[in-house]
file entry.cif (mmCIF, C-alpha atoms)
data_model
loop_
_atom_site.group_PDB
_atom_site.id
_atom_site.type_symbol
_atom_site.label_atom_id
_atom_site.label_comp_id
_atom_site.auth_asym_id
_atom_site.auth_seq_id
_atom_site.Cartn_x
_atom_site.Cartn_y
_atom_site.Cartn_z
ATOM 1 C CA MET A 1 -11.705 -39.072 28.898
ATOM 2 C CA ALA A 2 -10.858 -36.875 31.880
ATOM 3 C CA SER A 3 -7.689 -35.728 30.110
ATOM 4 C CA ALA A 4 -9.662 -34.775 26.982
ATOM 5 C CA ALA A 5 -12.173 -32.847 29.073
ATOM 6 C CA PHE A 6 -9.367 -31.015 30.834
ATOM 7 C CA GLY A 7 -7.799 -30.146 27.481
ATOM 8 C CA ALA A 8 -11.068 -28.792 26.119
ATOM 9 C CA GLY A 9 -11.584 -26.749 29.269
ATOM 10 C CA ALA A 10 -8.088 -25.288 29.098
ATOM 11 C CA PHE A 11 -8.610 -24.462 25.421
ATOM 12 C CA ALA A 12 -11.871 -22.647 26.132
ATOM 13 C CA GLN A 13 -10.295 -20.738 29.020
ATOM 14 C CA SER A 14 -7.335 -19.705 26.840
ATOM 15 C CA ALA A 15 -9.661 -18.374 24.139
ATOM 16 C CA ALA A 16 -11.817 -16.571 26.700
ATOM 17 C CA ASN A 17 -8.790 -14.811 28.182
ATOM 18 C CA TYR A 18 -7.248 -13.898 24.826
ATOM 19 C CA PRO A 19 -5.168 -11.814 24.684
ATOM 20 C CA ASP A 20 -3.459 -12.114 28.058
ATOM 21 C CA HIS A 21 -0.059 -10.820 26.870
ATOM 22 C CA ASN A 22 1.543 -8.844 24.045
ATOM 23 C CA ILE A 23 0.727 -9.564 20.389
ATOM 24 C CA THR A 24 3.332 -9.316 17.633
ATOM 25 C CA PHE A 25 2.587 -8.037 14.129
ATOM 26 C CA ILE A 26 4.957 -9.261 11.431
ATOM 27 C CA CYS A 27 5.625 -6.722 8.670
ATOM 28 C CA ALA A 28 7.301 -7.851 5.432
ATOM 29 C CA PHE A 29 8.620 -4.363 4.636
ATOM 30 C CA PRO A 30 11.216 -2.076 6.238
ATOM 31 C CA ALA A 31 10.318 0.394 8.974
ATOM 32 C CA GLY A 32 9.146 3.691 7.508
ATOM 33 C CA SER A 33 7.898 2.169 4.256
ATOM 34 C CA GLY A 34 4.342 2.733 3.062
ATOM 35 C CA SER A 35 3.226 -0.753 4.066
ATOM 36 C CA ASP A 36 4.876 -0.365 7.460
ATOM 37 C CA THR A 37 2.747 2.757 7.985
ATOM 38 C CA LEU A 38 -0.399 0.703 7.378
ATOM 39 C CA VAL A 39 0.754 -2.111 9.674
ATOM 40 C CA ARG A 40 1.526 0.316 12.506
ATOM 41 C CA TYR A 41 -1.829 2.065 12.109
ATOM 42 C CA PHE A 42 -3.680 -1.188 12.693
ATOM 43 C CA ALA A 43 -1.290 -2.159 15.486
ATOM 44 C CA GLU A 44 -2.244 0.996 17.355
ATOM 45 C CA LYS A 45 -5.951 0.438 16.764
ATOM 46 C CA LEU A 46 -5.764 -3.146 18.002
ATOM 47 C CA ARG A 47 -3.855 -1.936 21.065
ATOM 48 C CA LEU A 48 -6.749 0.347 21.892
ATOM 49 C CA ALA A 49 -9.276 -2.444 21.313
ATOM 50 C CA THR A 50 -7.490 -5.082 23.402
ATOM 51 C CA GLY A 51 -5.575 -3.066 25.981
ATOM 52 C CA ARG A 52 -2.443 -5.037 25.088
ATOM 53 C CA THR A 53 0.837 -3.864 23.616
ATOM 54 C CA ILE A 54 1.159 -4.687 19.906
ATOM 55 C CA LEU A 55 4.777 -5.101 18.832
ATOM 56 C CA VAL A 56 5.771 -4.685 15.162
ATOM 57 C CA GLU A 57 8.639 -6.794 13.811
ATOM 58 C CA ASN A 58 9.967 -5.871 10.367
ATOM 59 C CA ARG A 59 11.122 -9.114 8.758
ATOM 60 C CA PHE A 60 11.669 -7.966 5.212
ATOM 61 C CA GLY A 61 13.406 -9.495 2.236
ATOM 62 C CA ALA A 62 12.887 -12.116 -0.477
ATOM 63 C CA SER A 63 9.655 -10.462 -1.641
ATOM 64 C CA GLY A 64 7.930 -11.247 1.624
ATOM 65 C CA ASN A 65 9.004 -14.895 1.774
ATOM 66 C CA ILE A 66 11.062 -14.356 4.943
ATOM 67 C CA ALA A 67 8.067 -12.980 6.837
ATOM 68 C CA THR A 68 5.750 -15.636 5.418
ATOM 69 C CA GLU A 69 7.998 -18.495 6.482
ATOM 70 C CA TYR A 70 8.474 -16.987 9.943
ATOM 71 C CA THR A 71 4.713 -16.709 10.381
ATOM 72 C CA ALA A 72 4.045 -20.235 9.165
ATOM 73 C CA ARG A 73 6.452 -21.610 11.782
ATOM 74 C CA ALA A 74 5.033 -19.567 14.663
ATOM 75 C CA LYS A 75 2.852 -21.072 17.352
ATOM 76 C CA PRO A 76 -0.811 -20.931 16.209
ATOM 77 C CA ASP A 77 -2.074 -19.161 19.308
ATOM 78 C CA GLY A 78 -3.070 -15.752 17.926
ATOM 79 C CA TYR A 79 -0.050 -13.932 19.318
ATOM 80 C CA THR A 80 1.910 -13.813 16.045
ATOM 81 C CA LEU A 81 -0.067 -12.069 13.308
ATOM 82 C CA TYR A 82 1.081 -11.335 9.767
ATOM 83 C CA VAL A 83 -0.284 -8.041 8.400
ATOM 84 C CA HIS A 84 0.522 -8.120 4.723
ATOM 85 C CA ALA A 85 -0.940 -8.114 1.223
ATOM 86 C CA ALA A 86 -2.524 -11.550 1.004
ATOM 87 C CA SER A 87 -2.714 -11.049 -2.754
ATOM 88 C CA ALA A 88 1.093 -10.709 -2.887
ATOM 89 C CA LEU A 89 1.511 -13.819 -0.770
ATOM 90 C CA ALA A 90 -0.723 -15.669 -3.233
ATOM 91 C CA ALA A 91 1.372 -14.383 -6.134
ATOM 92 C CA ASN A 92 4.586 -15.670 -4.609
ATOM 93 C CA MET A 93 3.309 -19.219 -4.922
ATOM 94 C CA TYR A 94 3.956 -18.919 -8.662
ATOM 95 C CA LEU A 95 6.581 -16.195 -8.903
ATOM 96 C CA PHE A 96 9.097 -18.456 -7.156
ATOM 97 C CA LYS A 97 10.137 -21.934 -8.219
ATOM 98 C CA LYS A 98 10.403 -23.074 -4.610
ATOM 99 C CA PRO A 99 8.268 -20.972 -2.240
ATOM 100 C CA PRO A 100 9.351 -21.543 1.385
ATOM 101 C CA VAL A 101 5.866 -22.711 2.403
ATOM 102 C CA ASP A 102 2.618 -23.769 0.780
ATOM 103 C CA ALA A 103 0.716 -20.650 1.819
ATOM 104 C CA GLY A 104 -2.696 -22.120 1.105
ATOM 105 C CA LYS A 105 -2.051 -24.785 3.731
ATOM 106 C CA ALA A 106 0.343 -23.053 6.135
ATOM 107 C CA ILE A 107 -1.323 -19.632 6.427
ATOM 108 C CA GLN A 108 -4.883 -18.746 7.429
ATOM 109 C CA VAL A 109 -6.587 -15.411 6.859
ATOM 110 C CA ILE A 110 -8.215 -13.948 9.950
ATOM 111 C CA ALA A 111 -9.555 -10.635 8.649
ATOM 112 C CA THR A 112 -9.338 -8.574 5.477
ATOM 113 C CA LEU A 113 -8.397 -4.896 5.838
ATOM 114 C CA ASN A 114 -8.517 -3.118 2.510
ATOM 115 C CA ARG A 115 -8.722 -3.549 -1.219
ATOM 116 C CA GLN A 116 -6.449 -1.448 -3.336
ATOM 117 C CA ALA A 117 -5.237 -0.857 -6.843
ATOM 118 C CA PHE A 118 -1.716 -0.710 -8.156
ATOM 119 C CA MET A 119 -1.067 2.403 -10.193
ATOM 120 C CA VAL A 120 0.815 3.572 -13.257
ATOM 121 C CA ALA A 121 2.767 6.616 -12.093
ATOM 122 C CA VAL A 122 5.068 9.092 -13.815
ATOM 123 C CA ASP A 123 7.181 12.067 -12.812
ATOM 124 C CA ALA A 124 4.730 14.921 -12.183
ATOM 125 C CA THR A 125 6.883 17.320 -14.208
ATOM 126 C CA LYS A 126 6.545 15.208 -17.358
ATOM 127 C CA PRO A 127 3.821 16.126 -19.866
ATOM 128 C CA TRP A 128 2.031 12.772 -19.976
ATOM 129 C CA LYS A 129 -1.471 13.055 -18.527
ATOM 130 C CA THR A 130 -2.902 9.772 -19.844
ATOM 131 C CA VAL A 131 -1.734 6.212 -20.404
ATOM 132 C CA ASP A 132 -2.086 6.728 -24.170
ATOM 133 C CA GLU A 133 0.291 9.682 -24.044
ATOM 134 C CA LEU A 134 2.781 7.679 -21.998
ATOM 135 C CA THR A 135 2.549 4.742 -24.409
ATOM 136 C CA THR A 136 3.192 6.971 -27.415
ATOM 137 C CA PHE A 137 6.312 8.349 -25.742
ATOM 138 C CA LEU A 138 7.594 4.915 -24.699
ATOM 139 C CA LYS A 139 7.298 3.595 -28.233
ATOM 140 C CA THR A 140 9.659 6.331 -29.408
ATOM 141 C CA LYS A 141 12.242 5.035 -26.909
ATOM 142 C CA GLY A 142 11.874 1.391 -27.893
ATOM 143 C CA ASP A 143 13.956 -0.951 -25.746
ATOM 144 C CA LYS A 144 15.639 2.020 -24.047
ATOM 145 C CA ALA A 145 12.497 2.658 -21.983
ATOM 146 C CA THR A 146 12.526 1.632 -18.307
ATOM 147 C CA TYR A 147 10.019 1.196 -15.507
ATOM 148 C CA ALA A 148 10.150 0.538 -11.778
ATOM 149 C CA THR A 149 8.421 -2.112 -9.684
ATOM 150 C CA SER A 150 8.778 -3.220 -6.077
ATOM 151 C CA ALA A 151 6.090 -5.896 -5.735
ATOM 152 C CA SER A 152 4.761 -8.900 -7.621
ATOM 153 C CA THR A 153 1.493 -7.188 -8.564
ATOM 154 C CA GLY A 154 3.461 -4.367 -10.177
ATOM 155 C CA THR A 155 5.499 -6.916 -12.125
ATOM 156 C CA VAL A 156 2.419 -8.597 -13.559
ATOM 157 C CA MET A 157 0.715 -5.265 -14.238
ATOM 158 C CA GLY A 158 3.808 -4.116 -16.101
ATOM 159 C CA GLU A 159 3.999 -7.244 -18.212
ATOM 160 C CA ILE A 160 0.314 -7.114 -19.181
ATOM 161 C CA TYR A 161 0.707 -3.442 -20.116
ATOM 162 C CA LYS A 162 3.669 -4.228 -22.375
ATOM 163 C CA ARG A 163 1.962 -7.182 -24.018
ATOM 164 C CA LYS A 164 -1.189 -5.221 -24.800
ATOM 165 C CA THR A 165 0.590 -2.105 -26.103
ATOM 166 C CA GLY A 166 3.790 -3.406 -27.665
ATOM 167 C CA VAL A 167 5.904 -1.221 -25.379
ATOM 168 C CA GLU A 168 9.470 -2.566 -24.980
ATOM 169 C CA ALA A 169 10.478 -1.343 -21.548
ATOM 170 C CA LEU A 170 12.996 -2.874 -19.159
ATOM 171 C CA GLU A 171 11.719 -3.651 -15.658
ATOM 172 C CA VAL A 172 13.940 -2.410 -12.813
ATOM 173 C CA VAL A 173 13.029 -4.023 -9.486
ATOM 174 C CA TYR A 174 13.517 -2.045 -6.283
ATOM 175 C CA ARG A 175 13.323 -3.191 -2.665
ATOM 176 C CA VAL A 176 10.535 -0.645 -1.965
ATOM 177 C CA GLY A 177 8.896 2.000 -4.125
ATOM 178 C CA ALA A 178 10.671 4.868 -2.381
ATOM 179 C CA ASP A 179 14.051 3.509 -3.492
ATOM 180 C CA SER A 180 13.086 4.257 -7.103
ATOM 181 C CA LEU A 181 12.087 7.893 -6.574
ATOM 182 C CA ASN A 182 15.429 9.572 -7.281
ATOM 183 C CA ASP A 183 15.913 7.469 -10.422
ATOM 184 C CA GLN A 184 12.440 8.365 -11.635
ATOM 185 C CA LEU A 185 12.817 12.084 -10.958
ATOM 186 C CA SER A 186 16.246 12.142 -12.615
ATOM 187 C CA GLY A 187 14.861 10.512 -15.766
ATOM 188 C CA LYS A 188 16.623 7.164 -15.415
ATOM 189 C CA ILE A 189 13.209 5.534 -14.949
ATOM 190 C CA ASP A 190 10.329 6.509 -17.255
ATOM 191 C CA TYR A 191 7.389 5.211 -15.229
ATOM 192 C CA GLY A 192 6.464 2.867 -12.420
ATOM 193 C CA MET A 193 3.867 0.288 -11.437
ATOM 194 C CA PHE A 194 3.500 1.020 -7.731
ATOM 195 C CA ASP A 195 1.371 0.209 -4.726
ATOM 196 C CA PRO A 196 -1.149 2.929 -3.783
ATOM 197 C CA VAL A 197 0.370 3.751 -0.390
ATOM 198 C CA TYR A 198 3.645 4.861 -1.944
ATOM 199 C CA THR A 199 2.022 6.349 -5.035
ATOM 200 C CA MET A 200 -0.510 8.533 -3.262
ATOM 201 C CA THR A 201 2.103 9.776 -0.798
ATOM 202 C CA GLN A 202 4.212 10.992 -3.711
ATOM 203 C CA VAL A 203 1.210 12.355 -5.604
ATOM 204 C CA ARG A 204 0.259 14.501 -2.606
ATOM 205 C CA ALA A 205 3.854 15.686 -2.364
ATOM 206 C CA GLY A 206 3.698 16.794 -6.011
ATOM 207 C CA ARG A 207 6.447 14.429 -7.164
ATOM 208 C CA LEU A 208 4.444 11.817 -9.097
ATOM 209 C CA ARG A 209 1.295 11.749 -11.204
ATOM 210 C CA ALA A 210 -0.956 8.675 -11.215
ATOM 211 C CA LEU A 211 -2.453 7.840 -14.619
ATOM 212 C CA ALA A 212 -4.570 4.700 -14.112
ATOM 213 C CA VAL A 213 -5.298 1.828 -11.729
ATOM 214 C CA SER A 214 -5.089 -1.943 -12.042
ATOM 215 C CA THR A 215 -8.495 -2.903 -10.613
ATOM 216 C CA GLY A 216 -11.383 -3.960 -12.832
ATOM 217 C CA THR A 217 -13.553 -1.136 -11.494
ATOM 218 C CA ARG A 218 -12.755 2.258 -9.986
ATOM 219 C CA LEU A 219 -12.310 2.471 -6.239
ATOM 220 C CA GLU A 220 -13.991 4.940 -3.930
ATOM 221 C CA ALA A 221 -10.539 6.082 -2.825
ATOM 222 C CA ASN A 222 -9.622 7.224 -6.355
ATOM 223 C CA PRO A 223 -12.862 7.827 -8.244
ATOM 224 C CA ASP A 224 -11.221 10.113 -10.805
ATOM 225 C CA LEU A 225 -8.536 7.645 -11.867
ATOM 226 C CA PRO A 226 -9.516 5.452 -14.842
ATOM 227 C CA THR A 227 -8.901 1.730 -14.777
ATOM 228 C CA MET A 228 -6.415 0.208 -17.189
ATOM 229 C CA THR A 229 -9.367 -1.644 -18.724
ATOM 230 C CA GLU A 230 -11.083 1.674 -19.447
ATOM 231 C CA VAL A 231 -8.020 2.868 -21.372
ATOM 232 C CA GLY A 232 -7.936 -0.290 -23.483
ATOM 233 C CA ILE A 233 -5.613 -2.545 -21.469
ATOM 234 C CA PRO A 234 -7.865 -5.196 -19.870
ATOM 235 C CA MET A 235 -6.824 -6.364 -16.413
ATOM 236 C CA ASP A 236 -8.287 -6.844 -12.957
ATOM 237 C CA LEU A 237 -5.477 -6.934 -10.424
ATOM 238 C CA THR A 238 -6.817 -6.111 -6.987
ATOM 239 C CA GLY A 239 -4.455 -6.084 -4.053
ATOM 240 C CA TRP A 240 -5.779 -6.601 -0.550
ATOM 241 C CA PHE A 241 -4.180 -6.480 2.858
ATOM 242 C CA ALA A 242 -5.174 -8.920 5.559
ATOM 243 C CA VAL A 243 -4.423 -10.077 9.059
ATOM 244 C CA MET A 244 -3.090 -13.625 8.810
ATOM 245 C CA GLY A 245 -1.510 -16.219 11.035
ATOM 246 C CA PRO A 246 -0.210 -19.777 11.028
ATOM 247 C CA THR A 247 -2.872 -22.364 10.293
ATOM 248 C CA GLY A 248 -4.441 -23.796 13.414
ATOM 249 C CA ILE A 249 -5.337 -20.713 15.442
ATOM 250 C CA PRO A 250 -8.424 -21.639 17.523
ATOM 251 C CA ARG A 251 -11.631 -20.422 15.922
ATOM 252 C CA PRO A 252 -12.819 -18.467 18.996
ATOM 253 C CA ILE A 253 -9.618 -16.402 18.834
ATOM 254 C CA VAL A 254 -10.000 -15.921 15.065
ATOM 255 C CA ASP A 255 -13.569 -14.715 15.588
ATOM 256 C CA LYS A 256 -12.481 -12.318 18.326
ATOM 257 C CA LEU A 257 -9.805 -10.799 16.112
ATOM 258 C CA ASN A 258 -12.106 -10.594 13.115
ATOM 259 C CA GLY A 259 -14.670 -8.742 15.219
ATOM 260 C CA TRP A 260 -12.122 -6.231 16.476
ATOM 261 C CA PHE A 261 -10.868 -5.490 12.975
ATOM 262 C CA LYS A 262 -14.420 -5.184 11.652
ATOM 263 C CA ASP A 263 -15.086 -2.555 14.316
ATOM 264 C CA ILE A 264 -11.873 -0.721 13.402
ATOM 265 C CA LEU A 265 -12.707 -0.755 9.681
ATOM 266 C CA THR A 266 -16.173 0.720 10.173
ATOM 267 C CA THR A 267 -14.878 3.930 11.780
ATOM 268 C CA PRO A 268 -14.729 7.127 9.669
ATOM 269 C CA GLU A 269 -11.119 7.597 10.796
ATOM 270 C CA THR A 270 -9.999 4.273 9.321
ATOM 271 C CA LYS A 271 -11.951 4.837 6.122
ATOM 272 C CA ASP A 272 -10.243 8.217 5.691
ATOM 273 C CA PHE A 273 -6.849 6.672 6.462
ATOM 274 C CA LEU A 274 -7.264 3.924 3.870
ATOM 275 C CA ASN A 275 -8.720 6.273 1.250
ATOM 276 C CA LYS A 276 -5.752 8.601 1.762
ATOM 277 C CA PHE A 277 -3.447 5.785 0.724
ATOM 278 C CA GLY A 278 -5.539 4.614 -2.213
ATOM 279 C CA GLY A 279 -7.564 1.825 -0.613
ATOM 280 C CA ASP A 280 -11.136 1.084 0.435
ATOM 281 C CA PRO A 281 -12.115 -0.728 3.664
ATOM 282 C CA PHE A 282 -12.650 -4.412 2.958
ATOM 283 C CA ILE A 283 -14.682 -6.482 5.432
ATOM 284 C CA ASN A 284 -15.183 -10.242 5.250
ATOM 285 C CA THR A 285 -15.815 -13.123 7.612
ATOM 286 C CA PRO A 286 -12.871 -15.470 8.265
ATOM 287 C CA ASP A 287 -14.398 -18.081 5.950
ATOM 288 C CA GLN A 288 -14.974 -15.558 3.154
ATOM 289 C CA ALA A 289 -11.437 -14.231 3.577
ATOM 290 C CA GLN A 290 -9.859 -17.682 3.420
ATOM 291 C CA ALA A 291 -11.894 -18.593 0.341
ATOM 292 C CA LEU A 292 -10.748 -15.390 -1.377
ATOM 293 C CA PHE A 293 -7.139 -16.184 -0.490
ATOM 294 C CA LEU A 294 -7.345 -19.653 -2.001
ATOM 295 C CA LYS A 295 -9.018 -18.224 -5.118
ATOM 296 C CA ASP A 296 -6.221 -15.667 -5.464
ATOM 297 C CA ILE A 297 -3.636 -18.437 -5.296
ATOM 298 C CA ARG A 298 -5.396 -20.223 -8.163
ATOM 299 C CA ASP A 299 -5.786 -16.975 -10.142
ATOM 300 C CA TRP A 300 -2.119 -16.061 -9.831
ATOM 301 C CA GLU A 301 -1.132 -19.224 -11.608
ATOM 302 C CA ASP A 302 -2.988 -17.819 -14.624
ATOM 303 C CA TYR A 303 -1.627 -14.270 -14.174
ATOM 304 C CA VAL A 304 1.949 -15.510 -14.246
ATOM 305 C CA LYS A 305 1.248 -17.500 -17.406
ATOM 306 C CA ILE A 306 -0.488 -14.535 -19.050
ATOM 307 C CA ALA A 307 2.432 -12.267 -18.288
ATOM 308 C CA LYS A 308 4.920 -14.985 -19.298
ATOM 309 C CA ILE A 309 6.903 -14.491 -16.130
ATOM 310 C CA GLU A 310 9.706 -16.944 -15.458
ATOM 311 C CA PRO A 311 9.601 -17.967 -11.786
ATOM 312 C CA GLN A 312 12.664 -16.953 -9.799
#
call {"tool": "encode", "arguments": {"input": "entry.cif", "output": "structure tokens"}}
result
Amino acid sequence: MASAAFGAGAFAQSAANYPDHNITFICAFPAGSGSDTLVRYFAEKLRLATGRTILVENRFGASGNIATEYTARAKPDGYTLYVHAASALAANMYLFKKPPVDAGKAIQVIATLNRQAFMVAVDATKPWKTVDELTTFLKTKGDKATYATSASTGTVMGEIYKRKTGVEALEVVYRVGADSLNDQLSGKIDYGMFDPVYTMTQVRAGRLRALAVSTGTRLEANPDLPTMTEVGIPMDLTGWFAVMGPTGIPRPIVDKLNGWFKDILTTPETKDFLNKFGGDPFINTPDQAQALFLKDIRDWEDYVKIAKIEPQ
């Protein structure tokens, strides 16, 4: 009994003192990528909130599975946090025949950060201003048409688009969206299904033009962009980034982190930052966030079937 009381006291003290040393953010994309930019933004904001150094480790590869497995095996003490698209992690449960971990059991969501749409994007110098115009062009190319993706959501979006329109385009998968840019601008790639961070960066630079978004409704970040549903291609693919960790992080630490990120997300600066990259702030309690994650895992089983994707 005395031992149990001591353990409970030590646990409470540990949570009360959290964090008492550096925290590490795990990023599933290379340094300098669009997602890395988002991860480092929140790392800096958490540094200011906690007074502790936040290290960023880029453990990329295998569509995020390397970072996911690393996180799942970390000590559940709140010092290893995975800042990644929870929606993509959910997708990987069905896009791979043998995912490295059962994410629904091995990973817990601590706080949601944003909700964002994937986007259909074309070379800004091309004449296509709408999805209908792009579709008409692609049908003239038949099976010679090509498109770029660099994430699971883009893959599913691309497959639904082809099924609904009869377009016969070949998917070309890139490590990150930026790797496809030269091919797209040279005409080797006709269009892409990209994440909003990469897309909006290139739109502002005048290189790409976004035609529509994958979410069921328009986002505040891109109120002028129609949804794919509005242009006759029904879908509701909403990506969302989250702060996650290995299952078992003490609830007082989870609540502390969730509170810090809620405060960060309610600032005008963070709202402007997320809007700039095509996302809206997304605030949930830990319980709401975990429930959404588990729902996404169930939904992705259906998405993969709808798109007739063969697991890798």
call {"tool": "residues_around", "arguments": {"input": "entry.cif", "residues": "Tyr94 in chain A", "least_positions_apart": "6", "cutoff": "8 Å", "atoms": "only C-alpha atoms", "output": "count of residues only"}}
result
4
call {"tool": "residues_around", "arguments": {"input": "entry.cif", "residues": "Arg207 in chain A", "least_positions_apart": "5", "cutoff": "12 Å", "atoms": "all atoms listed in the file", "output": "list in words"}}
result
Ala121, Val122, Asp123, Ala124, Thr125, Lys126, Ala178, Leu181, Asn182, Gln184, Leu185, Ser186, Tyr198, Thr199, Met200, Thr201 and Gln202 of chain A
call {"tool": "write_last_selection", "arguments": {"input": "entry.cif", "atoms": "C-alpha atoms", "output": "mmCIF file, in the frame of the given file"}}
result
data_model
loop_
_atom_site.group_PDB
_atom_site.id
_atom_site.type_symbol
_atom_site.label_atom_id
_atom_site.label_comp_id
_atom_site.auth_asym_id
_atom_site.auth_seq_id
_atom_site.Cartn_x
_atom_site.Cartn_y
_atom_site.Cartn_z
ATOM 1 C CA ALA A 121 2.767 6.616 -12.093
ATOM 2 C CA VAL A 122 5.068 9.092 -13.815
ATOM 3 C CA ASP A 123 7.181 12.067 -12.812
ATOM 4 C CA ALA A 124 4.730 14.921 -12.183
ATOM 5 C CA THR A 125 6.883 17.320 -14.208
ATOM 6 C CA LYS A 126 6.545 15.208 -17.358
ATOM 7 C CA ALA A 178 10.671 4.868 -2.381
ATOM 8 C CA LEU A 181 12.087 7.893 -6.574
ATOM 9 C CA ASN A 182 15.429 9.572 -7.281
ATOM 10 C CA GLN A 184 12.440 8.365 -11.635
ATOM 11 C CA LEU A 185 12.817 12.084 -10.958
ATOM 12 C CA SER A 186 16.246 12.142 -12.615
ATOM 13 C CA TYR A 198 3.645 4.861 -1.944
ATOM 14 C CA THR A 199 2.022 6.349 -5.035
ATOM 15 C CA MET A 200 -0.510 8.533 -3.262
ATOM 16 C CA THR A 201 2.103 9.776 -0.798
ATOM 17 C CA GLN A 202 4.212 10.992 -3.711
#
call {"tool": "resolve_selection", "arguments": {"input": "entry.cif", "expression": "the PyMOL selection byres ((chain A and resi 265) around 8)", "output": "ChimeraX atom specification"}}
result
/A:113,261-264,266-267,270-271,281-283
call {"tool": "residues_around", "arguments": {"input": "entry.cif", "residues": "Ala148 in chain A", "least_positions_apart": "6", "cutoff": "6 Å", "atoms": "all atoms listed in the file", "output": "number ranges by chain"}}
result
A: 171-173, 192
call {"tool": "write_last_selection", "arguments": {"input": "entry.cif", "atoms": "C-alpha atoms", "output": "mmCIF file, keeping the file's coordinate frame"}}
result
data_model
loop_
_atom_site.group_PDB
_atom_site.id
_atom_site.type_symbol
_atom_site.label_atom_id
_atom_site.label_comp_id
_atom_site.auth_asym_id
_atom_site.auth_seq_id
_atom_site.Cartn_x
_atom_site.Cartn_y
_atom_site.Cartn_z
ATOM 1 C CA GLU A 171 11.719 -3.651 -15.658
ATOM 2 C CA VAL A 172 13.940 -2.410 -12.813
ATOM 3 C CA VAL A 173 13.029 -4.023 -9.486
ATOM 4 C CA GLY A 192 6.464 2.867 -12.420
#
call {"tool": "resolve_selection", "arguments": {"input": "entry.cif", "expression": "the PyMOL selection byres ((chain A and resi 61) around 12)", "output": "short mmCIF file (atom, residue, chain, number, x, y, z; two decimals) with C-alpha atoms, keeping the file's coordinate frame"}}
result
data_model
loop_
_atom_site.label_atom_id
_atom_site.label_comp_id
_atom_site.auth_asym_id
_atom_site.auth_seq_id
_atom_site.Cartn_x
_atom_site.Cartn_y
_atom_site.Cartn_z
CA CYS A 27 5.62 -6.72 8.67
CA ALA A 28 7.30 -7.85 5.43
CA PHE A 29 8.62 -4.36 4.64
CA PRO A 30 11.22 -2.08 6.24
CA ASN A 58 9.97 -5.87 10.37
CA ARG A 59 11.12 -9.11 8.76
CA PHE A 60 11.67 -7.97 5.21
CA ALA A 62 12.89 -12.12 -0.48
CA SER A 63 9.65 -10.46 -1.64
CA GLY A 64 7.93 -11.25 1.62
CA ASN A 65 9.00 -14.90 1.77
CA ILE A 66 11.06 -14.36 4.94
CA ALA A 67 8.07 -12.98 6.84
CA THR A 68 5.75 -15.64 5.42
CA GLU A 69 8.00 -18.50 6.48
CA TYR A 70 8.47 -16.99 9.94
CA SER A 150 8.78 -3.22 -6.08
CA ALA A 151 6.09 -5.90 -5.74
CA TYR A 174 13.52 -2.04 -6.28
CA ARG A 175 13.32 -3.19 -2.66
CA VAL A 176 10.54 -0.64 -1.96
#
call {"tool": "atom_distance", "arguments": {"input": "entry.cif", "atom1": "CA of Thr227 in chain A", "atom2": "CA of Lys164 in chain A"}}
result
14.4 Å
call {"tool": "resolve_selection", "arguments": {"input": "entry.cif", "expression": "the PyMOL selection byres ((chain A and resi 35) around 10)", "output": "list in words"}}
result
Cys27, Ala28, Phe29, Pro30, Ala31, Gly32, Ser33, Gly34, Asp36, Thr37, Leu38, Val39, Arg40, Tyr41, Val83, His84, Ala85, Val176, Asp195, Pro196, Val197, Tyr198, Phe241 and Phe277 of chain A
call {"tool": "atom_distance", "arguments": {"input": "entry.cif", "atom1": "CA of Leu89 in chain A", "atom2": "CA of Phe293 in chain A"}}
result
9.0 Å
call {"tool": "atom_distance", "arguments": {"input": "entry.cif", "atom1": "CA of Thr71 in chain A", "atom2": "CA of Ala103 in chain A"}}
result
10.2 Å
call {"tool": "closest_residue", "arguments": {"input": "entry.cif", "among": "A:Glu220, A:Asp280, A:Asp179, A:Asp190", "to": "Tyr147 in chain A", "atoms": "all atoms listed in the file"}}
result
A:Asp190
call {"tool": "residues_around", "arguments": {"input": "entry.cif", "residues": "range 210-216 of chain A", "least_positions_apart": "2", "cutoff": "8 Å", "atoms": "only C-alpha atoms", "output": "PyMOL selection string"}}
result
chain A and resi 116-122+129-131+157+199-200+203+208+218-219+225-229+234-238
call {"tool": "write_last_selection", "arguments": {"input": "entry.cif", "atoms": "C-alpha atoms", "output": "compact mmCIF listing (two decimals), in the frame of the given file"}}
result
# COMPACT_ATOMS: atom_id res chain seq x y z
CA GLN A 116 -6.45 -1.45 -3.34
CA ALA A 117 -5.24 -0.86 -6.84
CA PHE A 118 -1.72 -0.71 -8.16
CA MET A 119 -1.07 2.40 -10.19
CA VAL A 120 0.82 3.57 -13.26
CA ALA A 121 2.77 6.62 -12.09
CA VAL A 122 5.07 9.09 -13.82
CA LYS A 129 -1.47 13.06 -18.53
CA THR A 130 -2.90 9.77 -19.84
CA VAL A 131 -1.73 6.21 -20.40
CA MET A 157 0.72 -5.26 -14.24
CA THR A 199 2.02 6.35 -5.04
CA MET A 200 -0.51 8.53 -3.26
CA VAL A 203 1.21 12.36 -5.60
CA LEU A 208 4.44 11.82 -9.10
CA ARG A 218 -12.76 2.26 -9.99
CA LEU A 219 -12.31 2.47 -6.24
CA LEU A 225 -8.54 7.64 -11.87
CA PRO A 226 -9.52 5.45 -14.84
CA THR A 227 -8.90 1.73 -14.78
CA MET A 228 -6.42 0.21 -17.19
CA THR A 229 -9.37 -1.64 -18.72
CA PRO A 234 -7.86 -5.20 -19.87
CA MET A 235 -6.82 -6.36 -16.41
CA ASP A 236 -8.29 -6.84 -12.96
CA LEU A 237 -5.48 -6.93 -10.42
CA THR A 238 -6.82 -6.11 -6.99
call {"tool": "closest_residue", "arguments": {"input": "entry.cif", "among": "A:Leu292, A:Ile297, A:Ala221, A:Ala91", "to": "Asn275 in chain A", "atoms": "all atoms listed in the file"}}
result
A:Ala221
